[in-house]
Amino acid sequence: MKILFATPELAPWMKSGGLGEISWSLPAALHEAGLDVRILAPAYAPLLAAFPDARPVAEFAHTGGNLMPARVLEAKADNGVPLLLVDCPGYYVRAGNAYQDGEGNDFADNHLRFGLLSRIAALLASDASPLRWRPDILHCNDWPCGLAPAYLHFLEGRTAATVMSIHNLAFQGIFQAETLDALGLPAAAFAIDGVEYWSKLSFMKAGLHYAQRITTVSPRYAEEIQAEEFGYGFAGLLRWRKNDLTGILNGIDMRAWDPATDAYLSRRYEFAHLKGKEANKTALRQRLGLAQEPSCPLLGAVSRITHQKGLDLLADIGEELAAMPAQLALLGTGDKRLEAALVALAGRHPERFSVTLGYDEGLAHQIEAGADIFLMPSRFEPCGLNQMYSLRYGTPPVVRATGGLSDTVVDCNEATLADGTANGFAFADATAQALLDAIRRAVAAWHDKTLWRKLQRNGMLVDFGWARAAEAYKGIYASLSKQKKAAGTPRQVRRDRTDSGRVQLPR
Ligand code: ADP
Ligand code: GLC
C-alpha cells in the first residue's frame, strides 16, 4: 500500500508543536511496518538547507486559481522515508514559523500557502500526477491540508482515498468566501455540503466533509469533539460522520525520548537506577538558578503558553505553590500577557520559580528528567506528548482529565494503586482550585518515597511506542483501499498533459 502523508510541519526542521513530531515519527513507524510511505511538506528554508541534493521530480506550471507555480523536490530522510517537498520559495522561504512571522502574526497569504500544499497533495494523488509513484491513500494532517480532499473531489480520473487527521480542532483555517476563486475551487464547492462554514471558507471543514475517513489523536478526544464544548462548531458534522471517525492515540519517539540514552541529560538513568534522575534535578536547578532544597519538590512544565494549555490556572496559584513549598521550572512561549504574568511570578520568587521564554529542545528534555512532577492543566488536549515523555522519564504528571491526557494518565487512588495502573494525578474541573488540589495530592505522594516509586515504575514501564498506532492506521488504510477496489472502474480523465510531464489543470 502506498501512502502520501501530507503535513505542514516536520520535525526537527519545522515544528511548532506535537504535529511536527508526529509527522516525523508516524511515517517512520508506517515505513517500519512495511508500508510505502512518503511525506509531503512545504520546502521551508531549513528543509532546503538540510537536503541540498533534493532533486526536482515534478513541476506544476499551473496549479489553479492564483496559486503560485511550484516544483516538487525529492529527498530521502536518514530513516529511509522519502520526502516530497513543495518548492515554492515565494510562499515558504520566510522568517518565522510555519504559520507566523517573527512577531507572531499569521502570514496574510496562509490560505494560498496551504492551498498550494493541499493542491499539490491532491494532484500527486490523482491521474494528474506526473510521478510514476501514485499513492493509494492520501493522509492529510490538520487544517493546512484540509483542502486536499476537496480538490480531489473535483479532479477527474482515478484518485487516492483520503484520510483527514485532526490534531487540533481549535485551528480551522477560516478565510473569506472570496478566497474560493484564488484557491482555484469551483463555485459548487462553496456549499454547506462543501467548504462553506458560516458564510466563510474553512479548510478544516473541507477536510472533514470530503475525506473518506477522519481520525483524531486519542479515543477520548474523538468522543469529546462530538459535543459542542470541544467541537468548536463542528460537533454536528462530526456526529453525522461518527461512523467514519476513529481516535488513535499517538505514540512517542521512543529513541529520542529515552532517559537511558538521552544525550541532553547530565546523567542518564532507568527505572532500576533512579539515582541518575536526582543528578538531573541538581543540574537543572543549577542551570535555572533555583535553590537546592532537598525537601522541596520541583514541578516542571514545557508548553505553548496559551489558554488551551491552562497555564493561566498555574499563574493564579503561584503564591500557594511558593508557600507549599514547591519549585517550578517552566519553559514555553505564546500569549504575551500570560508570559508576562508568569515572568512576574518568577521575579517575586527567584529561588523557587524559573520561567524560560523561548523554544529550547535541550531544556525541554532536562525538565522532563530533572523535575519531580510534570504539569499539564490543559483545558483541552487532543493527545499531548509531554505527559507521555514525563511518564517515561519517571516524572509523574498532574493533568486535567481531558482528551489524550485522560487516555494516558491514570489517577492515583486506592483502586489504581492496588491494580498497578496508577501513574499520575488527574483533576476534572478547569479551575485554579482543582489544579491546586491535584498538585497538593501529588506533593503529598512525593513525600512518601515508597508510593512515589510505585507511581514512577507504573509510568516508566508503559510502552508508548508507535507500533500499536501504526497497526491501527494500517487497518484504516487497508479498509479504504478495499472499498476503493470494490467501487470499480475509474471516472473519466479530463485534463491536458504537456509532453514534459507538466500538467495543465482545468479551472
Ligand atoms: P501541542 O502540539 O499542542 O503544543 P504536544 O504535547 O502534542 O502539544 O506537543 C508539544 C511538543 O512541543 C512537545 O514535544 C514539547 O516538548 C514541545 N515543546 C513545546 N514548547 C516547547 C518549548 N518552548 N521548547 C521546546 N519544546 C517545546
Ligand atoms: C496538537 C494537539 C496535541 C497533539 C498534537 C499531535 O498540537 O494540541 O494535543 O499531541 O497535535 O497530534
# chains A, B, ... in the order shown; residues from 1 in each chain; ligands from 1
>>> residues_near_ligand(ligand="ligand 2", cutoff="10 Å", atoms="only C-alpha atoms and all ligand atoms", output="PyMOL selection string")
chain A and resi 16-23+141-142+165-171+216-218+221+248-252+304+308-309+378+380-388+403-405
>>> write_last_selection(atoms="N, CA and C atoms", output="CSV table (one decimal), in the first residue's frame")
chain,number,residue,atom,x,y,z
A,16,SER,N,6.1,23.5,15.4
A,16,SER,CA,5.6,24.4,16.4
A,16,SER,C,4.9,23.7,17.5
A,17,GLY,N,4.9,22.4,17.4
A,17,GLY,CA,4.3,21.6,18.5
A,17,GLY,C,4.3,20.1,18.1
A,18,GLY,N,3.3,19.4,18.7
A,18,GLY,CA,3.3,18.0,18.5
A,18,GLY,C,3.2,17.5,17.1
A,19,LEU,N,2.4,18.3,16.3
A,19,LEU,CA,2.2,17.8,14.9
A,19,LEU,C,3.5,17.6,14.1
A,20,GLY,N,4.5,18.5,14.4
A,20,GLY,CA,5.8,18.4,13.7
A,20,GLY,C,6.5,17.0,14.1
A,21,GLU,N,6.4,16.7,15.4
A,21,GLU,CA,7.0,15.4,15.9
A,21,GLU,C,6.3,14.2,15.3
A,22,ILE,N,4.9,14.3,15.3
A,22,ILE,CA,4.1,13.2,14.8
A,22,ILE,C,4.4,12.9,13.3
A,23,SER,N,4.6,14.0,12.6
A,23,SER,CA,4.8,14.0,11.2
A,23,SER,C,6.1,13.3,10.8
A,141,ASN,N,-3.1,16.1,7.3
A,141,ASN,CA,-3.0,16.4,8.7
A,141,ASN,C,-3.3,17.8,9.0
A,142,ASP,N,-4.4,18.0,9.8
A,142,ASP,CA,-4.8,19.3,10.3
A,142,ASP,C,-5.2,20.3,9.1
A,165,SER,N,-6.7,13.7,9.4
A,165,SER,CA,-6.4,13.6,10.8
A,165,SER,C,-6.5,15.0,11.5
A,166,ILE,N,-7.3,15.0,12.6
A,166,ILE,CA,-7.4,16.2,13.4
A,166,ILE,C,-6.4,16.1,14.5
A,167,HIS,N,-5.5,17.1,14.5
A,167,HIS,CA,-4.6,17.2,15.7
A,167,HIS,C,-5.1,18.2,16.6
A,168,ASN,N,-5.8,19.2,16.1
A,168,ASN,CA,-6.3,20.2,17.0
A,168,ASN,C,-7.5,20.9,16.3
A,169,LEU,N,-8.7,20.7,16.8
A,169,LEU,CA,-9.9,21.2,16.1
A,169,LEU,C,-10.1,22.7,16.3
A,170,ALA,N,-9.3,23.3,17.2
A,170,ALA,CA,-9.4,24.7,17.5
A,170,ALA,C,-8.8,25.6,16.4
A,171,PHE,N,-8.0,25.0,15.6
A,171,PHE,CA,-7.4,25.7,14.4
A,171,PHE,C,-8.1,25.2,13.2
A,216,THR,N,-8.6,11.1,14.7
A,216,THR,CA,-8.0,12.1,15.6
A,216,THR,C,-7.1,11.4,16.6
A,217,VAL,N,-6.4,12.2,17.4
A,217,VAL,CA,-5.2,11.6,18.0
A,217,VAL,C,-5.3,11.0,19.4
A,218,SER,N,-6.6,10.8,19.8
A,218,SER,CA,-6.8,9.9,21.0
A,218,SER,C,-8.3,9.5,21.0
A,221,TYR,N,-10.6,12.2,22.8
A,221,TYR,CA,-10.8,13.4,22.0
A,221,TYR,C,-11.8,13.1,20.9
A,248,ILE,N,-7.1,7.5,17.5
A,248,ILE,CA,-5.9,6.6,17.6
A,248,ILE,C,-4.9,7.4,18.4
A,249,LEU,N,-4.6,6.9,19.6
A,249,LEU,CA,-3.6,7.5,20.4
A,249,LEU,C,-2.2,7.6,19.7
A,250,ASN,N,-1.7,8.8,19.7
A,250,ASN,CA,-0.3,9.0,19.2
A,250,ASN,C,0.7,8.1,20.0
A,251,GLY,N,1.7,7.7,19.3
A,251,GLY,CA,2.9,7.2,20.0
A,251,GLY,C,3.9,8.2,20.3
A,252,ILE,N,5.0,7.9,20.9
A,252,ILE,CA,6.1,8.8,21.0
A,252,ILE,C,7.4,8.2,20.4
A,304,ARG,N,3.3,25.3,25.0
A,304,ARG,CA,2.8,26.6,24.5
A,304,ARG,C,2.1,27.3,25.6
A,308,GLN,N,-5.4,27.2,25.8
A,308,GLN,CA,-5.6,25.7,25.7
A,308,GLN,C,-4.9,25.0,26.8
A,309,LYS,N,-3.7,25.4,27.0
A,309,LYS,CA,-2.8,24.7,27.9
A,309,LYS,C,-3.0,25.0,29.4
A,378,SER,N,-4.2,21.3,30.9
A,378,SER,CA,-4.9,21.7,29.6
A,378,SER,C,-6.4,21.8,29.7
A,380,PHE,N,-8.2,21.7,27.0
A,380,PHE,CA,-8.4,20.5,26.1
A,380,PHE,C,-7.1,20.1,25.6
A,381,GLU,N,-7.0,18.8,25.2
A,381,GLU,CA,-5.7,18.3,24.8
A,381,GLU,C,-6.0,17.1,23.8
A,382,PRO,N,-5.9,17.3,22.5
A,382,PRO,CA,-6.3,16.2,21.6
A,382,PRO,C,-5.5,14.9,21.9
A,383,CYS,N,-4.2,15.1,22.1
A,383,CYS,CA,-3.4,13.9,22.6
A,383,CYS,C,-2.4,14.4,23.7
A,384,GLY,N,-1.5,15.2,23.3
A,384,GLY,CA,-0.5,15.6,24.3
A,384,GLY,C,0.7,14.6,24.2
A,385,LEU,N,1.9,15.2,24.1
A,385,LEU,CA,3.0,14.3,24.1
A,385,LEU,C,3.8,14.3,25.4
A,386,ASN,N,3.8,15.5,26.0
A,386,ASN,CA,4.7,15.7,27.2
A,386,ASN,C,4.3,14.8,28.3
A,387,GLN,N,3.0,14.5,28.5
A,387,GLN,CA,2.7,13.6,29.6
A,387,GLN,C,3.3,12.2,29.4
A,388,MET,N,3.4,11.8,28.1
A,388,MET,CA,3.9,10.5,27.9
A,388,MET,C,5.4,10.5,28.1
A,403,GLY,N,-9.2,14.6,26.8
A,403,GLY,CA,-8.5,14.1,25.6
A,403,GLY,C,-7.5,13.1,25.9
A,404,GLY,N,-6.3,13.2,25.2
A,404,GLY,CA,-5.3,12.2,25.3
A,404,GLY,C,-4.7,12.1,26.7
A,405,LEU,N,-4.9,13.2,27.5
A,405,LEU,CA,-4.4,13.1,28.9
A,405,LEU,C,-5.2,12.1,29.7
>>> residues_around(residues="Trp143 in chain A", least_positions_apart="6", cutoff="6 Å", atoms="only C-alpha atoms", output="PDB file with N, CA and C atoms, in the first residue's frame")
ATOM      1  N   GLN A 172      -8.847  26.104  12.514  1.00  0.00           N
ATOM      2  CA  GLN A 172      -9.791  25.641  11.494  1.00  0.00           C
ATOM      3  C   GLN A 172      -9.528  26.183  10.096  1.00  0.00           C
ATOM      4  N   GLY A 173      -8.534  27.062   9.957  1.00  0.00           N
ATOM      5  CA  GLY A 173      -8.231  27.589   8.629  1.00  0.00           C
ATOM      6  C   GLY A 173      -9.433  28.261   8.007  1.00  0.00           C
ATOM      7  N   PHE A 203     -10.815  25.433   5.727  1.00  0.00           N
ATOM      8  CA  PHE A 203     -10.013  24.288   5.263  1.00  0.00           C
ATOM      9  C   PHE A 203     -10.356  23.043   6.080  1.00  0.00           C
ATOM     10  N   MET A 204     -10.542  23.240   7.395  1.00  0.00           N
ATOM     11  CA  MET A 204     -10.822  22.075   8.249  1.00  0.00           C
ATOM     12  C   MET A 204     -12.149  21.464   7.841  1.00  0.00           C
TER      13      MET A 204
END
>>> closest_residue(among="A:Pro56, A:Pro12, A:Gly194, A:Gly64", to="ligand 1", atoms="only C-alpha atoms and all ligand atoms")
A:Pro12
>>> residues_around(residues="Gly424 in chain A", least_positions_apart="5", cutoff="9 Å", atoms="only C-alpha atoms", output="ChimeraX atom specification")
/A:373,391,395-399,409-412,442,455-456,459
>>> select_by_dssp(residues="range 21-51 of chain A", states="strand (DSSP E)", output="count of residues only")
7
>>> residues_around(residues="range 286-295 of chain A", least_positions_apart="4", cutoff="9 Å", atoms="only C-alpha atoms", output="PDB file with all heavy atoms, in the first residue's frame")
ATOM      1  N   LYS A 281      18.112  16.559  38.494  1.00  0.00           N
ATOM      2  CA  LYS A 281      17.411  17.619  39.225  1.00  0.00           C
ATOM      3  C   LYS A 281      18.414  18.668  39.716  1.00  0.00           C
ATOM      4  O   LYS A 281      18.198  19.861  39.572  1.00  0.00           O
ATOM      5  CB  LYS A 281      16.612  17.021  40.399  1.00  0.00           C
ATOM      6  CG  LYS A 281      15.940  18.107  41.227  1.00  0.00           C
ATOM      7  CD  LYS A 281      14.722  17.623  41.984  1.00  0.00           C
ATOM      8  CE  LYS A 281      15.088  16.737  43.148  1.00  0.00           C
ATOM      9  NZ  LYS A 281      13.883  16.422  43.959  1.00  0.00           N
ATOM     10  N   THR A 282      19.513  18.168  40.275  1.00  0.00           N
ATOM     11  CA  THR A 282      20.541  19.087  40.767  1.00  0.00           C
ATOM     12  C   THR A 282      21.049  19.967  39.619  1.00  0.00           C
ATOM     13  O   THR A 282      21.165  21.191  39.749  1.00  0.00           O
ATOM     14  CB  THR A 282      21.714  18.276  41.363  1.00  0.00           C
ATOM     15  OG1 THR A 282      21.156  17.385  42.333  1.00  0.00           O
ATOM     16  CG2 THR A 282      22.746  19.168  42.007  1.00  0.00           C
ATOM     17  N   PRO A 325       6.114  24.312  50.419  1.00  0.00           N
ATOM     18  CA  PRO A 325       6.663  24.972  49.256  1.00  0.00           C
ATOM     19  C   PRO A 325       6.866  23.990  48.100  1.00  0.00           C
ATOM     20  O   PRO A 325       7.093  22.798  48.316  1.00  0.00           O
ATOM     21  CB  PRO A 325       8.029  25.428  49.760  1.00  0.00           C
ATOM     22  CG  PRO A 325       8.443  24.361  50.735  1.00  0.00           C
ATOM     23  CD  PRO A 325       7.184  23.763  51.297  1.00  0.00           C
ATOM     24  N   GLN A 327       8.829  24.122  43.981  1.00  0.00           N
ATOM     25  CA  GLN A 327       9.550  24.918  42.983  1.00  0.00           C
ATOM     26  C   GLN A 327       8.932  24.658  41.606  1.00  0.00           C
ATOM     27  O   GLN A 327       8.256  23.635  41.404  1.00  0.00           O
ATOM     28  CB  GLN A 327      11.022  24.524  42.951  1.00  0.00           C
ATOM     29  CG  GLN A 327      11.790  24.939  44.196  1.00  0.00           C
ATOM     30  CD  GLN A 327      13.245  24.490  44.113  1.00  0.00           C
ATOM     31  OE1 GLN A 327      13.538  23.382  43.683  1.00  0.00           O
ATOM     32  NE2 GLN A 327      14.150  25.351  44.542  1.00  0.00           N
ATOM     33  N   LEU A 328       9.227  25.547  40.670  1.00  0.00           N
ATOM     34  CA  LEU A 328       8.667  25.390  39.326  1.00  0.00           C
ATOM     35  C   LEU A 328       9.713  25.726  38.270  1.00  0.00           C
ATOM     36  O   LEU A 328      10.363  26.774  38.355  1.00  0.00           O
ATOM     37  CB  LEU A 328       7.461  26.324  39.170  1.00  0.00           C
ATOM     38  CG  LEU A 328       6.856  26.418  37.767  1.00  0.00           C
ATOM     39  CD1 LEU A 328       6.178  25.105  37.385  1.00  0.00           C
ATOM     40  CD2 LEU A 328       5.849  27.567  37.681  1.00  0.00           C
ATOM     41  N   ALA A 329       9.857  24.828  37.290  1.00  0.00           N
ATOM     42  CA  ALA A 329      10.700  25.113  36.116  1.00  0.00           C
ATOM     43  C   ALA A 329       9.781  25.076  34.901  1.00  0.00           C
ATOM     44  O   ALA A 329       9.249  24.018  34.548  1.00  0.00           O
ATOM     45  CB  ALA A 329      11.786  24.056  35.982  1.00  0.00           C
ATOM     46  N   PRO A 350      12.505  34.214  42.961  1.00  0.00           N
ATOM     47  CA  PRO A 350      13.569  33.758  42.057  1.00  0.00           C
ATOM     48  C   PRO A 350      14.197  32.416  42.445  1.00  0.00           C
ATOM     49  O   PRO A 350      14.694  31.698  41.588  1.00  0.00           O
ATOM     50  CB  PRO A 350      14.590  34.895  42.106  1.00  0.00           C
ATOM     51  CG  PRO A 350      14.238  35.709  43.306  1.00  0.00           C
ATOM     52  CD  PRO A 350      12.793  35.507  43.577  1.00  0.00           C
ATOM     53  N   GLU A 351      14.165  32.086  43.731  1.00  0.00           N
ATOM     54  CA  GLU A 351      14.792  30.815  44.138  1.00  0.00           C
ATOM     55  C   GLU A 351      13.830  29.641  43.962  1.00  0.00           C
ATOM     56  O   GLU A 351      14.230  28.487  43.995  1.00  0.00           O
ATOM     57  CB  GLU A 351      15.210  30.897  45.599  1.00  0.00           C
ATOM     58  CG  GLU A 351      16.214  32.004  45.840  1.00  0.00           C
ATOM     59  CD  GLU A 351      17.300  31.541  46.771  1.00  0.00           C
ATOM     60  OE1 GLU A 351      16.952  30.963  47.808  1.00  0.00           O
ATOM     61  OE2 GLU A 351      18.483  31.742  46.449  1.00  0.00           O
ATOM     62  N   ARG A 352      12.559  29.963  43.821  1.00  0.00           N
ATOM     63  CA  ARG A 352      11.550  28.901  43.726  1.00  0.00           C
ATOM     64  C   ARG A 352      11.083  28.687  42.289  1.00  0.00           C
ATOM     65  O   ARG A 352      10.849  27.559  41.868  1.00  0.00           O
ATOM     66  CB  ARG A 352      10.314  29.284  44.582  1.00  0.00           C
ATOM     67  CG  ARG A 352      10.558  29.224  46.075  1.00  0.00           C
ATOM     68  CD  ARG A 352      10.040  27.891  46.647  1.00  0.00           C
ATOM     69  NE  ARG A 352      10.747  27.485  47.834  1.00  0.00           N
ATOM     70  CZ  ARG A 352      10.494  27.911  49.064  1.00  0.00           C
ATOM     71  NH1 ARG A 352       9.523  28.774  49.282  1.00  0.00           N
ATOM     72  NH2 ARG A 352      11.177  27.453  50.071  1.00  0.00           N
ATOM     73  N   PHE A 353      10.925  29.795  41.536  1.00  0.00           N
ATOM     74  CA  PHE A 353      10.325  29.664  40.199  1.00  0.00           C
ATOM     75  C   PHE A 353      11.267  30.149  39.111  1.00  0.00           C
ATOM     76  O   PHE A 353      11.892  31.192  39.250  1.00  0.00           O
ATOM     77  CB  PHE A 353       9.043  30.507  40.093  1.00  0.00           C
ATOM     78  CG  PHE A 353       7.945  30.081  41.020  1.00  0.00           C
ATOM     79  CD1 PHE A 353       6.899  30.942  41.317  1.00  0.00           C
ATOM     80  CD2 PHE A 353       7.940  28.827  41.609  1.00  0.00           C
ATOM     81  CE1 PHE A 353       5.880  30.570  42.172  1.00  0.00           C
ATOM     82  CE2 PHE A 353       6.923  28.433  42.472  1.00  0.00           C
ATOM     83  CZ  PHE A 353       5.897  29.313  42.761  1.00  0.00           C
ATOM     84  N   SER A 354      11.298  29.378  38.043  1.00  0.00           N
ATOM     85  CA  SER A 354      12.062  29.812  36.881  1.00  0.00           C
ATOM     86  C   SER A 354      11.159  29.726  35.657  1.00  0.00           C
ATOM     87  O   SER A 354      10.515  28.688  35.417  1.00  0.00           O
ATOM     88  CB  SER A 354      13.280  28.896  36.718  1.00  0.00           C
ATOM     89  OG  SER A 354      13.657  28.871  35.370  1.00  0.00           O
ATOM     90  N   VAL A 355      11.090  30.793  34.878  1.00  0.00           N
ATOM     91  CA  VAL A 355      10.292  30.793  33.642  1.00  0.00           C
ATOM     92  C   VAL A 355      11.242  31.131  32.491  1.00  0.00           C
ATOM     93  O   VAL A 355      11.863  32.191  32.483  1.00  0.00           O
ATOM     94  CB  VAL A 355       9.156  31.836  33.722  1.00  0.00           C
ATOM     95  CG1 VAL A 355       8.464  31.978  32.378  1.00  0.00           C
ATOM     96  CG2 VAL A 355       8.150  31.426  34.798  1.00  0.00           C
ATOM     97  N   THR A 356      11.394  30.207  31.563  1.00  0.00           N
ATOM     98  CA  THR A 356      12.244  30.453  30.399  1.00  0.00           C
ATOM     99  C   THR A 356      11.342  30.637  29.190  1.00  0.00           C
ATOM    100  O   THR A 356      10.598  29.712  28.828  1.00  0.00           O
ATOM    101  CB  THR A 356      13.193  29.250  30.151  1.00  0.00           C
ATOM    102  OG1 THR A 356      13.879  28.956  31.369  1.00  0.00           O
ATOM    103  CG2 THR A 356      14.200  29.560  29.058  1.00  0.00           C
ATOM    104  N   HIS A 447       6.200  12.920  48.940  1.00  0.00           N
ATOM    105  CA  HIS A 447       6.874  12.797  50.238  1.00  0.00           C
ATOM    106  C   HIS A 447       6.881  11.347  50.732  1.00  0.00           C
ATOM    107  O   HIS A 447       7.633  11.009  51.632  1.00  0.00           O
ATOM    108  CB  HIS A 447       6.232  13.728  51.282  1.00  0.00           C
ATOM    109  CG  HIS A 447       6.637  15.170  51.096  1.00  0.00           C
ATOM    110  ND1 HIS A 447       7.899  15.642  51.381  1.00  0.00           N
ATOM    111  CD2 HIS A 447       5.943  16.242  50.631  1.00  0.00           C
ATOM    112  CE1 HIS A 447       7.973  16.947  51.112  1.00  0.00           C
ATOM    113  NE2 HIS A 447       6.800  17.333  50.646  1.00  0.00           N
TER     114      HIS A 447
END
>>> closest_residue(among="A:Glu103, A:Asp429, A:Asp136, A:Asp127", to="Met1 in chain A", atoms="only C-alpha atoms")
A:Asp136
>>> residues_around(residues="His139 in chain A", least_positions_apart="6", cutoff="7 Å", atoms="only C-alpha atoms", output="ChimeraX atom specification")
/A:3-6,162-164
>>> select_by_dssp(residues="range 107-206 of chain A", states="helix (DSSP H, G or I)", output="ChimeraX atom specification")
/A:110-124,143-145,147-154,179-182,187-189,203-206
>>> write_last_selection(atoms="N, CA and C atoms", output="tab-separated table (two decimals), in the first residue's frame")
chain	number	residue	atom	x	y	z
A	110	ASN	N	-1.75	32.88	4.13
A	110	ASN	CA	-1.76	31.47	4.57
A	110	ASN	C	-2.74	30.62	3.76
A	111	HIS	N	-3.83	31.23	3.31
A	111	HIS	CA	-4.77	30.44	2.50
A	111	HIS	C	-4.10	29.96	1.22
A	112	LEU	N	-3.26	30.82	0.63
A	112	LEU	CA	-2.59	30.42	-0.61
A	112	LEU	C	-1.45	29.44	-0.30
A	113	ARG	N	-0.71	29.72	0.78
A	113	ARG	CA	0.43	28.87	1.12
A	113	ARG	C	-0.04	27.42	1.38
A	114	PHE	N	-1.13	27.30	2.15
A	114	PHE	CA	-1.58	25.94	2.44
A	114	PHE	C	-2.59	25.44	1.40
A	115	GLY	N	-3.15	26.40	0.65
A	115	GLY	CA	-3.93	25.98	-0.53
A	115	GLY	C	-3.01	25.25	-1.50
A	116	LEU	N	-1.80	25.79	-1.66
A	116	LEU	CA	-0.86	25.15	-2.59
A	116	LEU	C	-0.44	23.78	-2.06
A	117	LEU	N	-0.15	23.70	-0.77
A	117	LEU	CA	0.22	22.40	-0.21
A	117	LEU	C	-0.90	21.38	-0.47
A	118	SER	N	-2.13	21.79	-0.20
A	118	SER	CA	-3.28	20.89	-0.40
A	118	SER	C	-3.43	20.53	-1.89
A	119	ARG	N	-3.23	21.55	-2.73
A	119	ARG	CA	-3.41	21.35	-4.17
A	119	ARG	C	-2.39	20.34	-4.71
A	120	ILE	N	-1.14	20.52	-4.30
A	120	ILE	CA	-0.10	19.60	-4.78
A	120	ILE	C	-0.36	18.20	-4.23
A	121	ALA	N	-0.80	18.11	-2.99
A	121	ALA	CA	-1.13	16.80	-2.42
A	121	ALA	C	-2.19	16.12	-3.29
A	122	ALA	N	-3.22	16.89	-3.64
A	122	ALA	CA	-4.31	16.31	-4.44
A	122	ALA	C	-3.81	15.90	-5.82
A	123	LEU	N	-2.99	16.76	-6.44
A	123	LEU	CA	-2.51	16.43	-7.78
A	123	LEU	C	-1.67	15.16	-7.76
A	124	LEU	N	-0.81	15.04	-6.74
A	124	LEU	CA	0.05	13.85	-6.68
A	124	LEU	C	-0.76	12.59	-6.38
A	143	TRP	N	-5.75	21.45	9.50
A	143	TRP	CA	-6.40	22.31	8.50
A	143	TRP	C	-5.52	22.65	7.30
A	144	PRO	N	-4.18	22.81	7.47
A	144	PRO	CA	-3.42	23.23	6.30
A	144	PRO	C	-3.51	22.24	5.12
A	145	CYS	N	-3.87	20.99	5.41
A	145	CYS	CA	-4.02	20.01	4.32
A	145	CYS	C	-5.49	19.75	4.01
A	147	LEU	N	-7.85	21.23	2.42
A	147	LEU	CA	-8.47	21.41	1.09
A	147	LEU	C	-8.16	20.25	0.14
A	148	ALA	N	-7.17	19.44	0.48
A	148	ALA	CA	-6.77	18.39	-0.47
A	148	ALA	C	-7.94	17.46	-0.82
A	149	PRO	N	-8.70	16.97	0.16
A	149	PRO	CA	-9.82	16.10	-0.21
A	149	PRO	C	-10.86	16.84	-1.07
A	150	ALA	N	-11.00	18.16	-0.86
A	150	ALA	CA	-11.94	18.93	-1.69
A	150	ALA	C	-11.42	19.00	-3.13
A	151	TYR	N	-10.15	19.33	-3.29
A	151	TYR	CA	-9.58	19.37	-4.64
A	151	TYR	C	-9.74	18.02	-5.33
A	152	LEU	N	-9.45	16.97	-4.57
A	152	LEU	CA	-9.53	15.62	-5.17
A	152	LEU	C	-10.94	15.32	-5.63
A	153	HIS	N	-11.91	15.77	-4.85
A	153	HIS	CA	-13.30	15.52	-5.19
A	153	HIS	C	-13.63	16.08	-6.57
A	154	PHE	N	-13.01	17.22	-6.91
A	154	PHE	CA	-13.35	17.85	-8.19
A	154	PHE	C	-12.37	17.50	-9.31
A	179	THR	N	-11.91	34.03	-1.20
A	179	THR	CA	-10.66	33.32	-1.50
A	179	THR	C	-10.91	32.08	-2.36
A	180	LEU	N	-12.17	31.70	-2.49
A	180	LEU	CA	-12.51	30.48	-3.24
A	180	LEU	C	-11.88	30.47	-4.63
A	181	ASP	N	-12.04	31.60	-5.32
A	181	ASP	CA	-11.53	31.73	-6.69
A	181	ASP	C	-10.02	31.63	-6.73
A	182	ALA	N	-9.38	32.38	-5.82
A	182	ALA	CA	-7.92	32.41	-5.78
A	182	ALA	C	-7.37	31.01	-5.51
A	187	ALA	N	-17.20	27.03	-7.92
A	187	ALA	CA	-18.26	27.64	-7.12
A	187	ALA	C	-19.08	26.56	-6.39
A	188	ALA	N	-19.20	25.39	-7.01
A	188	ALA	CA	-20.01	24.32	-6.42
A	188	ALA	C	-19.46	23.87	-5.06
A	189	ALA	N	-18.18	24.14	-4.82
A	189	ALA	CA	-17.58	23.71	-3.55
A	189	ALA	C	-18.08	24.57	-2.39
A	203	PHE	N	-10.82	25.43	5.73
A	203	PHE	CA	-10.01	24.29	5.26
A	203	PHE	C	-10.36	23.04	6.08
A	204	MET	N	-10.54	23.24	7.39
A	204	MET	CA	-10.82	22.07	8.25
A	204	MET	C	-12.15	21.46	7.84
A	205	LYS	N	-13.14	22.33	7.65
A	205	LYS	CA	-14.46	21.84	7.24
A	205	LYS	C	-14.33	21.03	5.94
A	206	ALA	N	-13.53	21.55	5.01
A	206	ALA	CA	-13.36	20.86	3.72
A	206	ALA	C	-12.85	19.44	3.96
>>> residues_around(residues="Ala50 in chain A", least_positions_apart="3", cutoff="10 Å", atoms="only C-alpha atoms", output="PyMOL selection string")
chain A and resi 13+45-47+53-54+75+77
>>> closest_residue(among="A:Tyr393, A:Trp466, A:Phe427, A:Tyr477", to="Leu265 in chain A", atoms="only C-alpha atoms")
A:Tyr393
>>> atom_distance(atom1="CA of Arg400 in chain A", atom2="CA of Tyr473 in chain A")
27.2 Å
>>> residues_around(residues="Ser481 in chain A", least_positions_apart="2", cutoff="12 Å", atoms="only C-alpha atoms", output="ChimeraX atom specification")
/A:1-3,135-138,159-163,212-213,474-479,483-488
>>> write_last_selection(atoms="C-alpha atoms", output="mmCIF file, in the first residue's frame")
data_model
loop_
_atom_site.group_PDB
_atom_site.id
_atom_site.type_symbol
_atom_site.label_atom_id
_atom_site.label_comp_id
_atom_site.auth_asym_id
_atom_site.auth_seq_id
_atom_site.Cartn_x
_atom_site.Cartn_y
_atom_site.Cartn_z
ATOM 1 C CA MET A 1 0.000 0.000 0.000
ATOM 2 C CA LYS A 2 1.312 3.429 -0.928
ATOM 3 C CA ILE A 3 0.633 6.353 1.382
ATOM 4 C CA PRO A 135 -0.477 6.768 -3.618
ATOM 5 C CA ASP A 136 -3.478 4.596 -2.757
ATOM 6 C CA ILE A 137 -4.129 6.770 0.270
ATOM 7 C CA LEU A 138 -3.669 10.476 0.837
ATOM 8 C CA THR A 159 -7.849 9.462 -7.178
ATOM 9 C CA ALA A 160 -6.442 8.163 -3.935
ATOM 10 C CA ALA A 161 -8.727 7.563 -0.964
ATOM 11 C CA THR A 162 -8.392 10.205 1.732
ATOM 12 C CA VAL A 163 -7.894 10.241 5.491
ATOM 13 C CA GLN A 212 -13.453 9.328 3.356
ATOM 14 C CA ARG A 213 -12.186 8.709 6.863
ATOM 15 C CA LYS A 474 -2.712 0.373 8.593
ATOM 16 C CA GLY A 475 -6.155 -1.101 9.279
ATOM 17 C CA ILE A 476 -7.871 2.107 8.194
ATOM 18 C CA TYR A 477 -5.797 2.373 5.026
ATOM 19 C CA ALA A 478 -6.496 -1.271 4.193
ATOM 20 C CA SER A 479 -10.248 -0.915 4.631
ATOM 21 C CA GLN A 483 -13.572 -0.138 -0.608
ATOM 22 C CA LYS A 484 -11.871 1.601 -3.494
ATOM 23 C CA LYS A 485 -11.230 -1.631 -5.354
ATOM 24 C CA ALA A 486 -14.834 -2.684 -4.811
ATOM 25 C CA ALA A 487 -16.037 0.649 -6.215
ATOM 26 C CA GLY A 488 -14.851 -0.457 -9.673
#
